[in-house]
file model.cif (mmCIF, C-alpha atoms; chains and numbers go by the auth columns)
data_input
#
loop_
_atom_site.group_PDB
_atom_site.id
_atom_site.type_symbol
_atom_site.label_atom_id
_atom_site.label_comp_id
_atom_site.label_asym_id
_atom_site.label_seq_id
_atom_site.Cartn_x
_atom_site.Cartn_y
_atom_site.Cartn_z
_atom_site.B_iso_or_equiv
_atom_site.auth_seq_id
_atom_site.auth_asym_id
ATOM 1 C CA ASN A 1 -31.296 -3.659 15.308 0.00 19 V
ATOM 2 C CA TYR A 2 -29.647 -6.941 14.360 0.00 20 V
ATOM 3 C CA LEU A 3 -28.169 -7.576 10.926 0.00 21 V
ATOM 4 C CA LEU A 4 -27.905 -11.199 9.804 0.00 22 V
ATOM 5 C CA GLU A 5 -25.565 -12.485 7.100 0.00 23 V
ATOM 6 C CA VAL A 6 -25.894 -16.082 5.907 0.00 24 V
ATOM 7 C CA THR A 7 -23.134 -17.567 3.745 0.00 25 V
ATOM 8 C CA ILE A 8 -24.024 -20.603 1.646 0.00 26 V
ATOM 9 C CA GLY A 9 -21.518 -22.721 -0.240 0.00 27 V
ATOM 10 C CA GLY A 10 -21.825 -25.379 -2.899 0.00 28 V
ATOM 11 C CA ALA A 11 -21.347 -26.289 -6.525 0.00 29 V
ATOM 12 C CA VAL A 12 -22.492 -23.876 -9.209 0.00 30 V
ATOM 13 C CA ASP A 13 -25.502 -25.290 -11.023 0.00 31 V
ATOM 14 C CA GLU A 14 -24.673 -25.681 -14.716 0.00 32 V
ATOM 15 C CA GLU A 15 -28.141 -24.615 -15.838 0.00 33 V
ATOM 16 C CA THR A 16 -28.800 -21.645 -13.539 0.00 34 V
ATOM 17 C CA GLY A 17 -25.216 -20.534 -12.930 0.00 35 V
ATOM 18 C CA MET A 18 -26.032 -20.181 -9.221 0.00 36 V
ATOM 19 C CA VAL A 19 -25.075 -21.961 -6.008 0.00 37 V
ATOM 20 C CA VAL A 20 -28.600 -21.404 -4.701 0.00 38 V
ATOM 21 C CA ASN A 21 -31.631 -19.433 -5.777 0.00 39 V
ATOM 22 C CA LEU A 22 -31.421 -16.256 -3.707 0.00 40 V
ATOM 23 C CA TYR A 23 -35.178 -15.793 -3.943 0.00 41 V
ATOM 24 C CA ASP A 24 -35.647 -19.103 -2.112 0.00 42 V
ATOM 25 C CA VAL A 25 -33.132 -18.072 0.534 0.00 43 V
ATOM 26 C CA LYS A 26 -34.865 -14.739 1.031 0.00 44 V
ATOM 27 C CA GLN A 27 -38.264 -16.400 1.435 0.00 45 V
ATOM 28 C CA VAL A 28 -36.935 -18.784 4.090 0.00 46 V
ATOM 29 C CA LEU A 29 -35.102 -16.023 5.967 0.00 47 V
ATOM 30 C CA GLU A 30 -38.136 -13.756 6.033 0.00 48 V
ATOM 31 C CA HIS A 31 -40.279 -16.599 7.361 0.00 49 V
ATOM 32 C CA VAL A 32 -37.741 -17.612 10.038 0.00 50 V
ATOM 33 C CA LEU A 33 -37.039 -14.085 11.228 0.00 51 V
ATOM 34 C CA LEU A 34 -40.717 -13.317 11.777 0.00 52 V
ATOM 35 C CA GLU A 35 -40.438 -15.327 14.983 0.00 53 V
ATOM 36 C CA PHE A 36 -37.745 -12.934 16.291 0.00 54 V
ATOM 37 C CA ASP A 37 -38.495 -9.565 14.747 0.00 55 V
ATOM 38 C CA HIS A 38 -39.838 -6.979 17.222 0.00 56 V
ATOM 39 C CA LYS A 39 -40.055 -9.609 19.940 0.00 57 V
ATOM 40 C CA ASN A 40 -38.771 -9.879 23.484 0.00 58 V
ATOM 41 C CA LEU A 41 -36.460 -12.833 22.960 0.00 59 V
ATOM 42 C CA ASN A 42 -36.666 -13.923 26.607 0.00 60 V
ATOM 43 C CA LEU A 43 -40.458 -13.847 26.820 0.00 61 V
ATOM 44 C CA ASP A 44 -41.810 -14.276 23.298 0.00 62 V
ATOM 45 C CA THR A 45 -39.644 -17.099 21.931 0.00 63 V
ATOM 46 C CA PRO A 46 -39.093 -20.629 23.289 0.00 64 V
ATOM 47 C CA TYR A 47 -35.331 -20.648 22.746 0.00 65 V
ATOM 48 C CA PHE A 48 -34.156 -18.451 25.605 0.00 66 V
ATOM 49 C CA LYS A 49 -36.088 -19.623 28.633 0.00 67 V
ATOM 50 C CA GLU A 50 -32.902 -21.012 30.158 0.00 68 V
ATOM 51 C CA VAL A 51 -30.300 -19.608 27.760 0.00 69 V
ATOM 52 C CA ILE A 52 -29.166 -15.983 27.719 0.00 70 V
ATOM 53 C CA PRO A 53 -29.918 -14.395 24.315 0.00 71 V
ATOM 54 C CA THR A 54 -26.409 -13.147 23.666 0.00 72 V
ATOM 55 C CA THR A 55 -25.431 -12.538 20.070 0.00 73 V
ATOM 56 C CA GLU A 56 -23.424 -15.780 20.130 0.00 74 V
ATOM 57 C CA ASN A 57 -26.398 -17.833 21.339 0.00 75 V
ATOM 58 C CA ILE A 58 -28.844 -16.197 18.941 0.00 76 V
ATOM 59 C CA ALA A 59 -26.521 -17.017 16.034 0.00 77 V
ATOM 60 C CA HIS A 60 -26.459 -20.682 17.065 0.00 78 V
ATOM 61 C CA VAL A 61 -30.254 -20.789 17.350 0.00 79 V
ATOM 62 C CA LEU A 62 -30.610 -19.298 13.876 0.00 80 V
ATOM 63 C CA TRP A 63 -28.124 -21.812 12.469 0.00 81 V
ATOM 64 C CA ARG A 64 -30.127 -24.676 13.959 0.00 82 V
ATOM 65 C CA ILE A 65 -33.421 -23.378 12.567 0.00 83 V
ATOM 66 C CA LEU A 66 -32.033 -22.615 9.113 0.00 84 V
ATOM 67 C CA SER A 67 -30.378 -26.036 8.934 0.00 85 V
ATOM 68 C CA ASP A 68 -33.877 -27.521 8.917 0.00 86 V
ATOM 69 C CA HIS A 69 -34.421 -25.893 5.516 0.00 87 V
ATOM 70 C CA PRO A 70 -32.322 -27.933 3.062 0.00 88 V
ATOM 71 C CA GLU A 71 -33.792 -25.983 0.151 0.00 89 V
ATOM 72 C CA ILE A 72 -31.439 -23.082 0.906 0.00 90 V
ATOM 73 C CA GLY A 73 -28.326 -25.255 0.533 0.00 91 V
ATOM 74 C CA GLN A 74 -25.324 -25.817 2.763 0.00 92 V
ATOM 75 C CA ILE A 75 -24.746 -23.106 5.355 0.00 93 V
ATOM 76 C CA GLU A 76 -21.048 -22.338 5.804 0.00 94 V
ATOM 77 C CA LYS A 77 -21.163 -19.290 8.034 0.00 95 V
ATOM 78 C CA ILE A 78 -23.587 -17.109 9.939 0.00 96 V
ATOM 79 C CA THR A 79 -22.616 -13.603 11.011 0.00 97 V
ATOM 80 C CA LEU A 80 -24.918 -11.732 13.354 0.00 98 V
ATOM 81 C CA TYR A 81 -24.307 -8.038 13.978 0.00 99 V
ATOM 82 C CA GLU A 82 -25.556 -6.649 17.266 0.00 100 V
ATOM 83 C CA ASP A 83 -24.499 -3.236 16.008 0.00 101 V
ATOM 84 C CA GLU A 84 -21.987 -2.049 13.441 0.00 102 V
ATOM 85 C CA ASP A 85 -19.089 -2.445 15.892 0.00 103 V
ATOM 86 C CA LEU A 86 -19.928 -5.819 17.467 0.00 104 V
ATOM 87 C CA TYR A 87 -20.757 -9.110 15.793 0.00 105 V
ATOM 88 C CA ALA A 88 -20.613 -12.860 16.333 0.00 106 V
ATOM 89 C CA GLU A 89 -19.661 -15.392 13.695 0.00 107 V
ATOM 90 C CA ILE A 90 -20.140 -19.145 13.644 0.00 108 V
ATOM 91 C CA THR A 91 -18.990 -21.680 11.076 0.00 109 V
ATOM 92 C CA THR A 92 -19.515 -25.376 10.463 0.00 110 V
ATOM 93 C CA ALA A 93 -16.616 -26.110 12.821 0.00 111 V
ATOM 94 C CA ASP A 94 -18.347 -24.186 15.625 0.00 112 V
ATOM 95 C CA VAL A 95 -21.483 -26.325 15.435 0.00 113 V
ATOM 96 C CA ALA A 96 -19.774 -29.668 14.808 0.00 114 V
ATOM 97 C CA GLY A 97 -17.905 -30.025 18.105 0.00 115 V
ATOM 98 C CA PRO A 98 -19.145 -31.265 21.480 0.00 116 V
ATOM 99 C CA ARG A 99 -19.382 -27.658 22.752 0.00 117 V
ATOM 100 C CA ARG A 100 -20.797 -24.640 20.994 0.00 118 V
ATOM 101 C CA SER A 101 -18.203 -22.087 19.982 0.00 119 V
ATOM 102 C CA ALA A 102 -18.109 -18.793 18.107 0.00 120 V
ATOM 103 C CA THR A 103 -15.933 -15.853 17.170 0.00 121 V
ATOM 104 C CA LEU A 104 -16.804 -12.476 18.647 0.00 122 V
ATOM 105 C CA THR A 105 -15.444 -9.387 16.909 0.00 123 V
ATOM 106 C CA ARG A 106 -15.335 -5.872 18.321 0.00 124 V
ATOM 107 C CA ARG A 107 -14.419 -2.803 16.277 0.00 125 V
ATOM 108 C CA TYR A 108 -12.467 0.220 17.511 0.00 126 V
ATOM 109 C CA GLN A 109 -11.159 3.409 15.946 0.00 127 V
ATOM 110 C CA PHE A 110 -7.997 5.409 16.442 0.00 128 V
ATOM 111 C CA SER A 111 -5.993 7.989 14.490 0.00 129 V
ATOM 112 C CA SER A 112 -2.230 7.995 14.080 0.00 130 V
ATOM 113 C CA GLY A 113 0.450 9.615 11.962 0.00 131 V
ATOM 114 C CA HIS A 114 3.560 8.070 10.408 0.00 132 V
ATOM 115 C CA GLN A 115 6.244 8.287 7.784 0.00 133 V
ATOM 116 C CA LEU A 116 6.979 5.094 5.863 0.00 134 V
ATOM 117 C CA HIS A 117 10.732 4.830 6.030 0.00 135 V
ATOM 118 C CA ALA A 118 12.961 1.738 6.095 0.00 136 V
ATOM 119 C CA PRO A 119 16.106 2.580 8.100 0.00 137 V
ATOM 120 C CA ARG A 120 18.321 0.266 6.024 0.00 138 V
ATOM 121 C CA LEU A 121 17.265 1.741 2.675 0.00 139 V
ATOM 122 C CA SER A 122 18.610 4.870 1.041 0.00 140 V
ATOM 123 C CA ALA A 123 16.446 7.954 0.604 0.00 141 V
ATOM 124 C CA ALA A 124 16.076 7.123 -3.078 0.00 142 V
ATOM 125 C CA ALA A 125 15.103 3.529 -2.337 0.00 143 V
ATOM 126 C CA ASN A 126 12.569 4.629 0.276 0.00 144 V
ATOM 127 C CA ALA A 127 11.021 7.048 -2.210 0.00 145 V
ATOM 128 C CA SER A 128 10.845 4.269 -4.796 0.00 146 V
ATOM 129 C CA VAL A 129 9.208 1.786 -2.423 0.00 147 V
ATOM 130 C CA PHE A 130 6.851 4.060 -0.466 0.00 148 V
ATOM 131 C CA GLY A 131 6.265 6.954 -2.866 0.00 149 V
ATOM 132 C CA THR A 132 4.740 10.047 -1.265 0.00 150 V
ATOM 133 C CA CYS A 133 4.282 8.100 1.987 0.00 151 V
ATOM 134 C CA ALA A 134 8.066 8.431 2.494 0.00 152 V
ATOM 135 C CA SER A 135 7.804 12.218 2.800 0.00 153 V
ATOM 136 C CA PRO A 136 9.536 13.513 5.962 0.00 154 V
ATOM 137 C CA ASP A 137 6.393 15.554 6.641 0.00 155 V
ATOM 138 C CA GLY A 138 4.496 12.329 7.336 0.00 156 V
ATOM 139 C CA HIS A 139 0.777 11.708 7.001 0.00 157 V
ATOM 140 C CA GLY A 140 -2.060 10.239 9.045 0.00 158 V
ATOM 141 C CA HIS A 141 -4.818 7.636 8.978 0.00 159 V
ATOM 142 C CA ASP A 142 -8.100 7.030 10.750 0.00 160 V
ATOM 143 C CA TYR A 143 -7.659 3.348 11.497 0.00 161 V
ATOM 144 C CA LEU A 144 -10.481 0.870 12.035 0.00 162 V
ATOM 145 C CA LEU A 145 -9.354 -1.980 14.261 0.00 163 V
ATOM 146 C CA GLU A 146 -11.221 -5.295 14.506 0.00 164 V
ATOM 147 C CA VAL A 147 -10.286 -7.615 17.362 0.00 165 V
ATOM 148 C CA ALA A 148 -11.651 -11.147 16.985 0.00 166 V
ATOM 149 C CA VAL A 149 -11.760 -13.625 19.879 0.00 167 V
ATOM 150 C CA HIS A 150 -12.712 -17.279 19.388 0.00 168 V
ATOM 151 C CA GLY A 151 -13.732 -19.776 22.018 0.00 169 V
ATOM 152 C CA ASP A 152 -16.428 -21.911 23.592 0.00 170 V
ATOM 153 C CA ILE A 153 -19.613 -20.144 24.615 0.00 171 V
ATOM 154 C CA ASP A 154 -19.763 -20.009 28.393 0.00 172 V
ATOM 155 C CA ARG A 155 -22.798 -21.896 29.680 0.00 173 V
ATOM 156 C CA ASP A 156 -23.552 -19.308 32.373 0.00 174 V
ATOM 157 C CA THR A 157 -22.876 -16.019 30.571 0.00 175 V
ATOM 158 C CA GLY A 158 -23.615 -17.059 26.995 0.00 176 V
ATOM 159 C CA MET A 159 -20.446 -15.255 25.881 0.00 177 V
ATOM 160 C CA VAL A 160 -17.182 -16.259 24.229 0.00 178 V
ATOM 161 C CA THR A 161 -15.162 -13.746 26.219 0.00 179 V
ATOM 162 C CA ASP A 162 -15.561 -11.129 28.918 0.00 180 V
ATOM 163 C CA LEU A 163 -16.495 -8.219 26.675 0.00 181 V
ATOM 164 C CA ALA A 164 -16.052 -5.577 29.385 0.00 182 V
ATOM 165 C CA ALA A 165 -12.557 -6.882 30.125 0.00 183 V
ATOM 166 C CA LEU A 166 -11.727 -6.926 26.412 0.00 184 V
ATOM 167 C CA GLU A 167 -12.906 -3.322 26.115 0.00 185 V
ATOM 168 C CA ARG A 168 -10.622 -2.226 28.951 0.00 186 V
ATOM 169 C CA THR A 169 -7.678 -4.172 27.587 0.00 187 V
ATOM 170 C CA VAL A 170 -7.925 -2.777 24.065 0.00 188 V
ATOM 171 C CA ARG A 171 -8.534 0.785 25.265 0.00 189 V
ATOM 172 C CA ASP A 172 -5.667 0.709 27.757 0.00 190 V
ATOM 173 C CA THR A 173 -3.190 -1.353 25.749 0.00 191 V
ATOM 174 C CA VAL A 174 -3.782 -0.271 22.140 0.00 192 V
ATOM 175 C CA ILE A 175 -5.945 2.830 21.786 0.00 193 V
ATOM 176 C CA ALA A 176 -4.237 4.822 24.539 0.00 194 V
ATOM 177 C CA ARG A 177 -0.862 3.878 23.058 0.00 195 V
ATOM 178 C CA PHE A 178 -1.467 4.715 19.400 0.00 196 V
ATOM 179 C CA ASP A 179 -4.333 7.223 19.206 0.00 197 V
ATOM 180 C CA GLY A 180 -3.089 10.673 18.245 0.00 198 V
ATOM 181 C CA ARG A 181 0.526 9.480 18.238 0.00 199 V
ATOM 182 C CA ASP A 182 3.458 9.349 15.831 0.00 200 V
ATOM 183 C CA LEU A 183 3.929 5.651 15.075 0.00 201 V
ATOM 184 C CA ASN A 184 7.563 6.150 14.102 0.00 202 V
ATOM 185 C CA ARG A 185 8.359 6.990 17.732 0.00 203 V
ATOM 186 C CA ASP A 186 6.704 3.923 19.225 0.00 204 V
ATOM 187 C CA ALA A 187 9.110 1.386 20.700 0.00 205 V
ATOM 188 C CA LEU A 188 7.542 -1.490 18.732 0.00 206 V
ATOM 189 C CA LEU A 189 7.791 0.300 15.385 0.00 207 V
ATOM 190 C CA LYS A 190 10.685 2.764 15.447 0.00 208 V
ATOM 191 C CA SER A 191 13.213 0.223 14.099 0.00 209 V
ATOM 192 C CA GLN A 192 11.004 -0.803 11.152 0.00 210 V
ATOM 193 C CA PRO A 193 8.607 0.872 8.720 0.00 211 V
ATOM 194 C CA PRO A 194 5.285 1.485 10.535 0.00 212 V
ATOM 195 C CA THR A 195 3.279 -0.087 7.726 0.00 213 V
ATOM 196 C CA GLY A 196 -0.206 -1.495 8.205 0.00 214 V
ATOM 197 C CA GLU A 197 1.298 -4.981 8.240 0.00 215 V
ATOM 198 C CA ASN A 198 3.771 -4.154 11.007 0.00 216 V
ATOM 199 C CA LEU A 199 1.183 -2.226 13.015 0.00 217 V
ATOM 200 C CA ALA A 200 -1.286 -5.137 12.853 0.00 218 V
ATOM 201 C CA ARG A 201 1.428 -7.502 14.078 0.00 219 V
ATOM 202 C CA ALA A 202 2.408 -5.101 16.874 0.00 220 V
ATOM 203 C CA ILE A 203 -1.221 -4.930 18.037 0.00 221 V
ATOM 204 C CA TRP A 204 -1.413 -8.745 17.974 0.00 222 V
ATOM 205 C CA ARG A 205 1.649 -8.964 20.198 0.00 223 V
ATOM 206 C CA LEU A 206 0.188 -6.436 22.633 0.00 224 V
ATOM 207 C CA LEU A 207 -3.101 -8.328 22.958 0.00 225 V
ATOM 208 C CA VAL A 208 -2.388 -12.011 22.387 0.00 226 V
ATOM 209 C CA ASN A 209 -1.695 -12.829 26.039 0.00 227 V
ATOM 210 C CA GLU A 210 -4.110 -10.284 27.497 0.00 228 V
ATOM 211 C CA VAL A 211 -7.441 -11.830 26.455 0.00 229 V
ATOM 212 C CA SER A 212 -9.070 -13.018 29.689 0.00 230 V
ATOM 213 C CA ARG A 213 -11.201 -15.735 28.108 0.00 231 V
ATOM 214 C CA GLY A 214 -11.085 -17.382 24.697 0.00 232 V
ATOM 215 C CA ARG A 215 -8.142 -16.891 22.368 0.00 233 V
ATOM 216 C CA LEU A 216 -7.210 -14.058 20.085 0.00 234 V
ATOM 217 C CA ALA A 217 -8.209 -15.239 16.602 0.00 235 V
ATOM 218 C CA SER A 218 -7.229 -12.322 14.376 0.00 236 V
ATOM 219 C CA ILE A 219 -6.436 -8.641 14.115 0.00 237 V
ATOM 220 C CA ARG A 220 -7.797 -6.719 11.139 0.00 238 V
ATOM 221 C CA LEU A 221 -6.636 -3.174 10.580 0.00 239 V
ATOM 222 C CA THR A 222 -8.377 -1.054 7.959 0.00 240 V
ATOM 223 C CA GLU A 223 -6.233 1.851 6.787 0.00 241 V
ATOM 224 C CA GLY A 224 -8.602 3.318 4.231 0.00 242 V
ATOM 225 C CA ARG A 225 -11.655 2.498 2.184 0.00 243 V
ATOM 226 C CA ASP A 226 -9.784 0.136 -0.134 0.00 244 V
ATOM 227 C CA GLN A 227 -7.096 -1.381 2.056 0.00 245 V
ATOM 228 C CA TYR A 228 -6.908 -3.528 5.155 0.00 246 V
ATOM 229 C CA PHE A 229 -4.379 -5.799 6.864 0.00 247 V
ATOM 230 C CA GLU A 230 -5.130 -8.986 8.766 0.00 248 V
ATOM 231 C CA TYR A 231 -2.865 -10.828 11.166 0.00 249 V
ATOM 232 C CA ARG A 232 -3.487 -14.303 12.535 0.00 250 V
ATOM 233 C CA ASP A 233 -0.701 -16.622 13.621 0.00 251 V
ATOM 234 C CA ALA A 234 -1.017 -19.424 16.168 0.00 252 V
ATOM 235 C CA GLU A 235 2.747 -19.824 16.346 0.00 253 V
ATOM 236 C CA GLU A 236 3.153 -16.141 17.206 0.00 254 V
ATOM 237 C CA ARG A 237 0.914 -16.648 20.219 0.00 255 V
ATOM 238 C CA GLN A 238 3.089 -19.469 21.513 0.00 256 V
ATOM 239 C CA GLU A 239 6.336 -17.554 20.979 0.00 257 V
ATOM 240 C CA VAL A 240 5.123 -14.376 22.625 0.00 258 V
ATOM 241 C CA GLY A 241 3.942 -16.355 25.631 0.00 259 V
ATOM 242 C CA LYS A 242 7.463 -17.534 26.432 0.00 260 V
#
call {"tool": "encode", "arguments": {"input": "model.cif", "output": "structure tokens"}}
result
Amino acid sequence: NYLLEVTIGGAVDEETGMVVNLYDVKQVLEHVLLEFDHKNLNLDTPYFKEVIPTTENIAHVLWRILSDHPEIGQIEKITLYEDEDLYAEITTADVAGPRRSATLTRRYQFSSGHQLHAPRLSAAANASVFGTCASPDGHGHDYLLEVAVHGDIDRDTGMVTDLAALERTVRDTVIARFDGRDLNRDALLKSQPPTGENLARAIWRLLVNEVSRGRLASIRLTEGRDQYFEYRDAEERQEVGK
């Protein structure tokens, strides 16, 4: 059951107060998606006779079709969810180059405990900075981890990266290391507060040189309903590779 998100950008119309009339967008989307809904994409549509209908390729096909409808405005991004834990995203930069590219994001979950404590701060200063999170008793979180890989879509596989290899890498390198563990005792975090920021950066460093195809684009770590941390740094990738 695919979920499609279309992001449209532009100037706000002074009379309507809108970038685009959402009713018009909805009408176009419903018309376009009729060709795909409840269909065998390989057999019932003309787009995948010689192209594998991966989520990345489907997103590019939808971009191309929707671009023929100027009445909906300027498309800036298309996000296509294959399920709630796997989605492909393409932007104007991904369709403008000589080769089609995309960003594939996979979600994972793990649970860890920690105490937020800065070794160089006094007990009073730690309590002031971290509040109840500085309690020696510690606390835990059910983390949601999003690993995003960007790259060209392989002509043979229709994929940005080897998803099976990515699954193994994240499970073996990140989930097995942090799930059910005390973050304060981890070698990457024991000399600094195991905050969401530091944990996201530690995960980046564990994965940045382990992606078999494509490049690691970002790490997003959701700590709770209202808070997440995102790490993306091209320079970090170069430094870690040395």
call {"tool": "resolve_selection", "arguments": {"input": "model.cif", "expression": "the PyMOL selection byres ((chain V and resi 46) around 12)", "output": "list in words"}}
result
Val24, Asn39, Leu40, Tyr41, Asp42, Val43, Lys44, Gln45, Leu47, Glu48, His49, Val50, Leu51, Leu52, Glu53, Leu80, Ile83, Leu84, Ser85, Asp86, His87, Pro88, Glu89, Ile90 and Gly91 of chain V
call {"tool": "resolve_selection", "arguments": {"input": "model.cif", "expression": "the PyMOL selection byres ((chain V and resi 248) around 12)", "output": "ChimeraX atom specification"}}
result
/V:162-166,214-222,235-241,245-247,249-251
call {"tool": "atom_distance", "arguments": {"input": "model.cif", "atom1": "atom CA of Gly169 of chain V", "atom2": "atom CA of Arg117 of chain V"}}
result
9.7 Å
call {"tool": "closest_residue", "arguments": {"input": "model.cif", "among": "V:Val37, V:Leu134, V:Ala29, V:Ala106", "to": "Cys151 of chain V", "atoms": "only C-alpha atoms"}}
result
V:Leu134
call {"tool": "residues_around", "arguments": {"input": "model.cif", "residues": "Ile93 of chain V", "least_positions_apart": "5", "cutoff": "7 Å", "atoms": "only C-alpha atoms", "output": "list in words"}}
result
Thr25, Ile26 and Gly27 of chain V
call {"tool": "resolve_selection", "arguments": {"input": "model.cif", "expression": "the PyMOL selection byres ((chain V and resi 191) around 12)", "output": "ChimeraX atom specification"}}
result
/V:183-190,192-197,220-229
call {"tool": "residues_around", "arguments": {"input": "model.cif", "residues": "Ile96 of chain V", "least_positions_apart": "5", "cutoff": "8 Å", "atoms": "all atoms listed in the file", "output": "list in words"}}
result
Leu22, Glu23, Val24, Thr25, Ala77, Trp81, Glu107, Ile108 and Thr109 of chain V
call {"tool": "closest_residue", "arguments": {"input": "model.cif", "among": "V:Ser130, V:Pro211, V:Tyr20, V:Val79", "to": "His56 of chain V", "atoms": "all atoms listed in the file"}}
result
V:Tyr20
call {"tool": "atom_distance", "arguments": {"input": "model.cif", "atom1": "atom CA of Gly115 of chain V", "atom2": "atom CA of Ile171 of chain V"}}
result
12.0 Å
call {"tool": "atom_distance", "arguments": {"input": "model.cif", "atom1": "atom CA of Ala136 of chain V", "atom2": "atom CA of Ser153 of chain V"}}
result
12.1 Å
call {"tool": "residues_near_point", "arguments": {"input": "model.cif", "point": "(3.4, 16.0, 7.3)", "cutoff": "12 Å", "atoms": "all atoms listed in the file", "output": "PDB file with C-alpha atoms, in the frame of the given file"}}
result
ATOM      1  CA  SER V 130      -2.230   7.995  14.080  1.00  0.00           C
ATOM      2  CA  GLY V 131       0.450   9.615  11.962  1.00  0.00           C
ATOM      3  CA  HIS V 132       3.560   8.070  10.408  1.00  0.00           C
ATOM      4  CA  GLN V 133       6.244   8.287   7.784  1.00  0.00           C
ATOM      5  CA  LEU V 134       6.979   5.094   5.863  1.00  0.00           C
ATOM      6  CA  THR V 150       4.740  10.047  -1.265  1.00  0.00           C
ATOM      7  CA  CYS V 151       4.282   8.100   1.987  1.00  0.00           C
ATOM      8  CA  ALA V 152       8.066   8.431   2.494  1.00  0.00           C
ATOM      9  CA  SER V 153       7.804  12.218   2.800  1.00  0.00           C
ATOM     10  CA  PRO V 154       9.536  13.513   5.962  1.00  0.00           C
ATOM     11  CA  ASP V 155       6.393  15.554   6.641  1.00  0.00           C
ATOM     12  CA  GLY V 156       4.496  12.329   7.336  1.00  0.00           C
ATOM     13  CA  HIS V 157       0.777  11.708   7.001  1.00  0.00           C
ATOM     14  CA  GLY V 158      -2.060  10.239   9.045  1.00  0.00           C
ATOM     15  CA  HIS V 159      -4.818   7.636   8.978  1.00  0.00           C
ATOM     16  CA  ASP V 200       3.458   9.349  15.831  1.00  0.00           C
TER      17      ASP V 200
END
